[in-house]
Amino acid sequence: MTPAAQQRATKIPTRVSGDQVKWVAVAEPTHVGGLQDDAAGDRLRARLAIDAARIGTFDWDLRSGRLLWDDRLVEMFGYDRTTFEQSIEAFNARLHPDDLPRVGDALQDAIDTCGEFEAEYRIVLPGGHTRWVSARGRALGGGPDGTSARLIGVAHDATTEVAAEARVVRLLEAMPAGFYSLDADWRFVHVNAEAERLLGQSRDDLLGRVIWEAFPAAVGSLFEENYRRAVATGEPIAFDAYYPAPLNGWYEVRAWPTPEGLSVYAIEVTARRQAQEQAERSARRLALLAQVSAELAGALDVQSATARLPRLVVPALADWCIVTVIDAHGHPRDVGSWHVDPASRSVLERYAEVRLDAMPIAAPVGRALHAAEAVSFAGAEVLELLPPGQARDLLTVLAPRAEVAIPLRARGRTLGLLTLAYADGHTATDADVAVAQDVADRAGLALDNARLFAQQQQMAEVLQRSLLTEPPEPDHAEIAVRYLPAAEAARVGGDWYDAFLQPNGSTMLVIGDVVGHDTAAAAAMGQVRSLLRGIAAYSDAGPVEVLRGLDSAMALLQLDTLATAAVARFEQTDDERVRGVTRMVWANAGHLPPLALHPDGSVAVLADWKADLLLGVDATVQRTESVVTLDRGSTVLLYTDGLIERRDADLDTGLARLRTHLAELADLPLADLLDQLIERLVDGEPEDDVALVAVRLHPQDRPRPVEAGPTRVPDVVPEDPASR
């Protein structure tokens with residue numbers, strides 16, 4: 001075995017004949033070539049790799065100055081072997097003048113430090129064409145005192161790569177979005193033109209700087225949190241964030257990790273964010289106005305609803321608020337307040353209780369009341385005007401930086417003020433004042449509507465009293481009346497009652513209902529009622545004749561209305577007076593039947609549901625009259641359908657309920673009995689107008705009871721024989 005072959009023997013089995021096996025030794029190679037062959041192979045592989053990569057090599061002997069290039073590098077620089085001078089001057093001759101200083105510094109630095117050399121530069125070929133070259137090398141020691149003796153390295157044509165990079169750079173520069181890259185140490189390595197504008201600094205100032213040092217406000221912010229998360233997870237991240245002054249802007253950021261560090265894309269969205277915030281503010285303000293309108297519209301007591309306005313205004317428009325209204329005597333009163341800080345609400349309440357009494361006439365609040373427009377002023381201004389005392393001490397604690405007093409206006413009148421106050425760091429924007437003025441105007445209109453409604457209600461009640469007069473008080477006959485309108489705005493309707501004495505001394509009760517539930521029905525009711533009482537008072541006629549005359553008069557006077565009415569007259573002869581009874585003669589034009597509460601507590605319906613035709617339909621209709629004899633001590637009740645009618649029950653059910661309650665209340669005084677019937681049957685809020693008239697026939701063998709009141713009858717009516 002030769003060393004070159006480095007074989008060793010191996011025995012393998014070989015069949016000879018039959019079952020005989022013969023072992024034969026063969027040579028097995030253990031290594032391909034020696035050390036020299038290995039080195040040659042390494043050089044060959046390196047050369048093949050260099051050729052495949054189209055890389056040229058260089059070797060610069062720093063002691064002799066001789067520069068050796070391989071053929072590829074010579075060709076790359078536009079030389080040939082006959083024209084290439086093996087010196088650094090040949091390299092410098094081709095180097096672009098603008099790159100010469102930079103490359104020279106890089107070479108010198110590698111030589112001085114026995115370190116690495118790396119550079120990308122341009123060379124100018126003989127034809128004037130430019131080529132980009134990327135070179136890397138290392139300086140080797142061996143010179144005197146450990147200085148560099150050689151610098152060897154490689155270079156390749158990077159023109160295509162640089163062109164591609166240039167296209168990317170041009171693309172990045174043309175982007176309408178900011179783009180910058182950070183290395184693993186968070187240093188800026190690339191900044192495009194838009195990023196310069198967004199970041200407010202040039203790339204010359206940023207490249208090489210750590211982002212946390214260049215932008216200290218980013219430390220601990222969403223920027224740092226999300227950047228570090230992207231690097232730690234290896235996942236892209238997107239977010240919106242605000243950077244304070246000097247940038248003072250909102251940014252939409254997309255960041256993704258790269259092998260070198262982090263790349264960031266950003267666009268400024270301040271305008272969009274402001275528009276979004278403006279839209280949200282507008283929506284909140286509209287919601288506030290809608291809530292204010294709902295509060296005021298749905299409130300039965302507008303003043304109480306107005307007093308709650310500060311709870312809606314704070315904190316949407318101010319840090320604290322006081323609402324003031326002008327009372328019926330023309331004096332301002334603070335009726336409500338609210339503070340954003342719960343701990344300060346009691347202080348504000350006490351301040352609102354005392355501030356107006358302590359406020360001088362020249363105070364901003366007074367100016368706002370008289371100017372009928374918003375007045376802005378500093379909190380210190382009010383403090384200076386307030387005299388020493390509780391109001392000033394409380395305002396010192398509240399410490400408003402600024403205030404705005406906004407009048408509550410309606411129909412040319414100022415009905416109060418909405419005072420908004422702001423703490424340090426908060427100011428009232430024009431939009432806030434405009435919304436607050438809208439709130440104030442709505443409150444002012446609601447207050448003025450309530451004022452007008454009160455006036456209308458007062459006038460309606462006067463009209464009602466003029467139409468529904470007080471009943472007479474004949475001896476031994478106690479009469480009580482009640483009227484409850486369904487429509488609060490009108491306070492009167494088509495229902496009516498009446499009670500009066502006829503010339504012969506008989507007591508007549510009337511209950512009626514004109515079709516309709518508005519002021520027109522009330523007006524028609526007034527006409528019909530007046531006609532009926534005029535006919536009855538002049539003619540001294542009985543119920544049927546009174547209704548016939550009324551129907552005829554309505555037709556003659558062309559009263560275009562329909563009405564129901566029940567008329568009852570209480571008569572008594574001397575014999576009946578002795579026997580302690582009274583006759584009730586009555587007629588019914590389409591109305592509900594009267595009820596009689598007997599002395600024993602039983603209740604009777606004085607007729608079935610069948611009644612004569614309504615008034616205003618046929619003036620020639622034949623009407624009927626009924627008579628019932630009542631014991632003294634009985635009570636007769638006439639009523640309109642509003643007392644018993646319900647949406648969820650028929651009239652029969654309602655009438656049964658009325659009879660039940662009337663029996664239960666039999667022992668009550670007459671006035672209390674009527675009040676209790678109304679409370680039990682309609683709970684003070686009828687769905688329809690309610691009119692009641694009742695008479696209690698007290699026994700005539702004893703004095704008139706005290707609860708019946710004094711006897712009050714016209715002078716022209718004959719004296720009641722029972723009172724003699």
# chains A, B, ... in the order shown; residues from 1 in each chain; ligands from 1
>>> residues_around(residues="stretch 211-225 of chain A", least_positions_apart="6", cutoff="10 Å", atoms="only C-alpha atoms", output="number ranges by chain")
A: 182, 185-188, 199, 201, 205, 239-247, 253, 255
>>> write_last_selection(atoms="C-alpha atoms", output="mmCIF file, in the first residue's frame")
data_model
loop_
_atom_site.group_PDB
_atom_site.id
_atom_site.type_symbol
_atom_site.label_atom_id
_atom_site.label_comp_id
_atom_site.auth_asym_id
_atom_site.auth_seq_id
_atom_site.Cartn_x
_atom_site.Cartn_y
_atom_site.Cartn_z
ATOM 1 C CA LEU A 182 -34.268 51.919 12.592
ATOM 2 C CA ASP A 185 -29.911 49.810 18.339
ATOM 3 C CA TRP A 186 -32.925 52.024 17.503
ATOM 4 C CA ARG A 187 -30.828 54.366 15.374
ATOM 5 C CA PHE A 188 -32.186 56.038 12.255
ATOM 6 C CA LEU A 199 -40.744 64.581 12.076
ATOM 7 C CA GLN A 201 -36.049 67.409 11.341
ATOM 8 C CA ASP A 205 -29.880 65.533 11.826
ATOM 9 C CA PHE A 239 -51.881 52.050 15.775
ATOM 10 C CA ASP A 240 -52.849 55.705 16.033
ATOM 11 C CA ALA A 241 -50.989 57.919 18.494
ATOM 12 C CA TYR A 242 -50.519 61.555 19.426
ATOM 13 C CA TYR A 243 -47.102 63.205 19.731
ATOM 14 C CA PRO A 244 -47.044 66.447 21.727
ATOM 15 C CA ALA A 245 -45.264 69.685 20.881
ATOM 16 C CA PRO A 246 -43.271 70.495 18.895
ATOM 17 C CA LEU A 247 -44.985 68.068 16.500
ATOM 18 C CA VAL A 253 -48.434 54.315 12.186
ATOM 19 C CA ALA A 255 -44.396 49.279 11.938
#
>>> select_by_dssp(residues="stretch 386-625 of chain A", states="strand (DSSP E or B)", output="PyMOL selection string")
chain A and resi 402-410+413-422+473+477-484+495-501+507-514+563-571+581-589+595-597+603-605+612+615
>>> residues_around(residues="A:Gly425", least_positions_apart="6", cutoff="12 Å", atoms="only C-alpha atoms", output="list in words")
Ala318, Asp319, Pro400, Arg401 and Ala402 of chain A
>>> residues_around(residues="A:Arg646", least_positions_apart="6", cutoff="12 Å", atoms="only C-alpha atoms", output="NGL selection string")
:A and (652-655 or 657 or 681-682 or 685-688)
>>> closest_residue(among="A:Trp496, A:Val544, A:Val567, A:Ala619", to="A:Ala521", atoms="only C-alpha atoms")
A:Trp496
>>> closest_atom_pairs(of="stretch 191-300 of chain A", to="stretch 427-445 of chain A", cutoff="9 Å", atoms="only C-alpha atoms", output="CSV")
residue,atom,partner,partner_atom,distance
A:Arg285,CA,A:Val435,CA,6.8
A:Leu286,CA,A:Val435,CA,8.7
A:Leu288,CA,A:Val439,CA,8.4
A:Leu289,CA,A:Val439,CA,6.3
A:Val292,CA,A:Val439,CA,6.9
A:Ser293,CA,A:Arg442,CA,7.0
A:Leu296,CA,A:Ala443,CA,7.1
>>> closest_residue(among="A:Trp586, A:Phe500, A:Phe179, A:Trp250", to="A:Asn192", atoms="only C-alpha atoms")
A:Phe179
>>> select_by_dssp(residues="stretch 285-479 of chain A", states="alpha helix (DSSP H)", output="PyMOL selection string")
chain A and resi 285-298+302-307+309-313+345-358+364-371+379-385+390-398+430-467
>>> closest_residue(among="A:Ala139, A:Leu597, A:Met359, A:Val365", to="A:Ala666", atoms="only C-alpha atoms")
A:Leu597
>>> atom_distance(atom1="atom CA of A:Asp513", atom2="atom CA of A:Leu637")
15.4 Å
>>> residues_around(residues="stretch 100-103 of chain A", least_positions_apart="5", cutoff="8 Å", atoms="only C-alpha atoms", output="PyMOL selection string")
chain A and resi 92+95+119+121
>>> closest_residue(among="A:Asp600, A:Asp475, A:Glu403, A:Glu349", to="A:Val375", atoms="only C-alpha atoms")
A:Glu403
>>> atom_distance(atom1="atom CA of A:Arg345", atom2="atom CA of A:Pro360")
24.1 Å
>>> residues_around(residues="A:Asp672", least_positions_apart="3", cutoff="12 Å", atoms="only C-alpha atoms", output="JSON, numbers by chain")
{"A": [480, 481, 482, 662, 665, 666, 667, 668, 669, 675, 676, 677, 678, 679, 694, 707, 708]}
>>> residues_around(residues="A:Gly146", least_positions_apart="4", cutoff="12 Å", atoms="only C-alpha atoms", output="ChimeraX atom specification")
/A:111-114,139-142,150
>>> write_last_selection(atoms="C-alpha atoms", output="PDB file, in the first residue's frame")
ATOM      1  CA  ILE A 111      -4.615  50.642   7.444  1.00  0.00           C
ATOM      2  CA  ASP A 112      -4.222  52.656  10.642  1.00  0.00           C
ATOM      3  CA  THR A 113      -6.216  50.172  12.713  1.00  0.00           C
ATOM      4  CA  CYS A 114      -5.302  46.912  10.973  1.00  0.00           C
ATOM      5  CA  ALA A 139      -5.517  45.147   6.520  1.00  0.00           C
ATOM      6  CA  LEU A 140      -2.954  42.579   7.732  1.00  0.00           C
ATOM      7  CA  GLY A 141      -0.157  43.311  10.160  1.00  0.00           C
ATOM      8  CA  GLY A 142       3.503  42.553   9.637  1.00  0.00           C
ATOM      9  CA  ARG A 150      -0.868  44.357   3.302  1.00  0.00           C
TER      10      ARG A 150
END
>>> closest_residue(among="A:His96, A:His426, A:Arg680, A:Arg54", to="A:His661", atoms="only C-alpha atoms")
A:Arg680
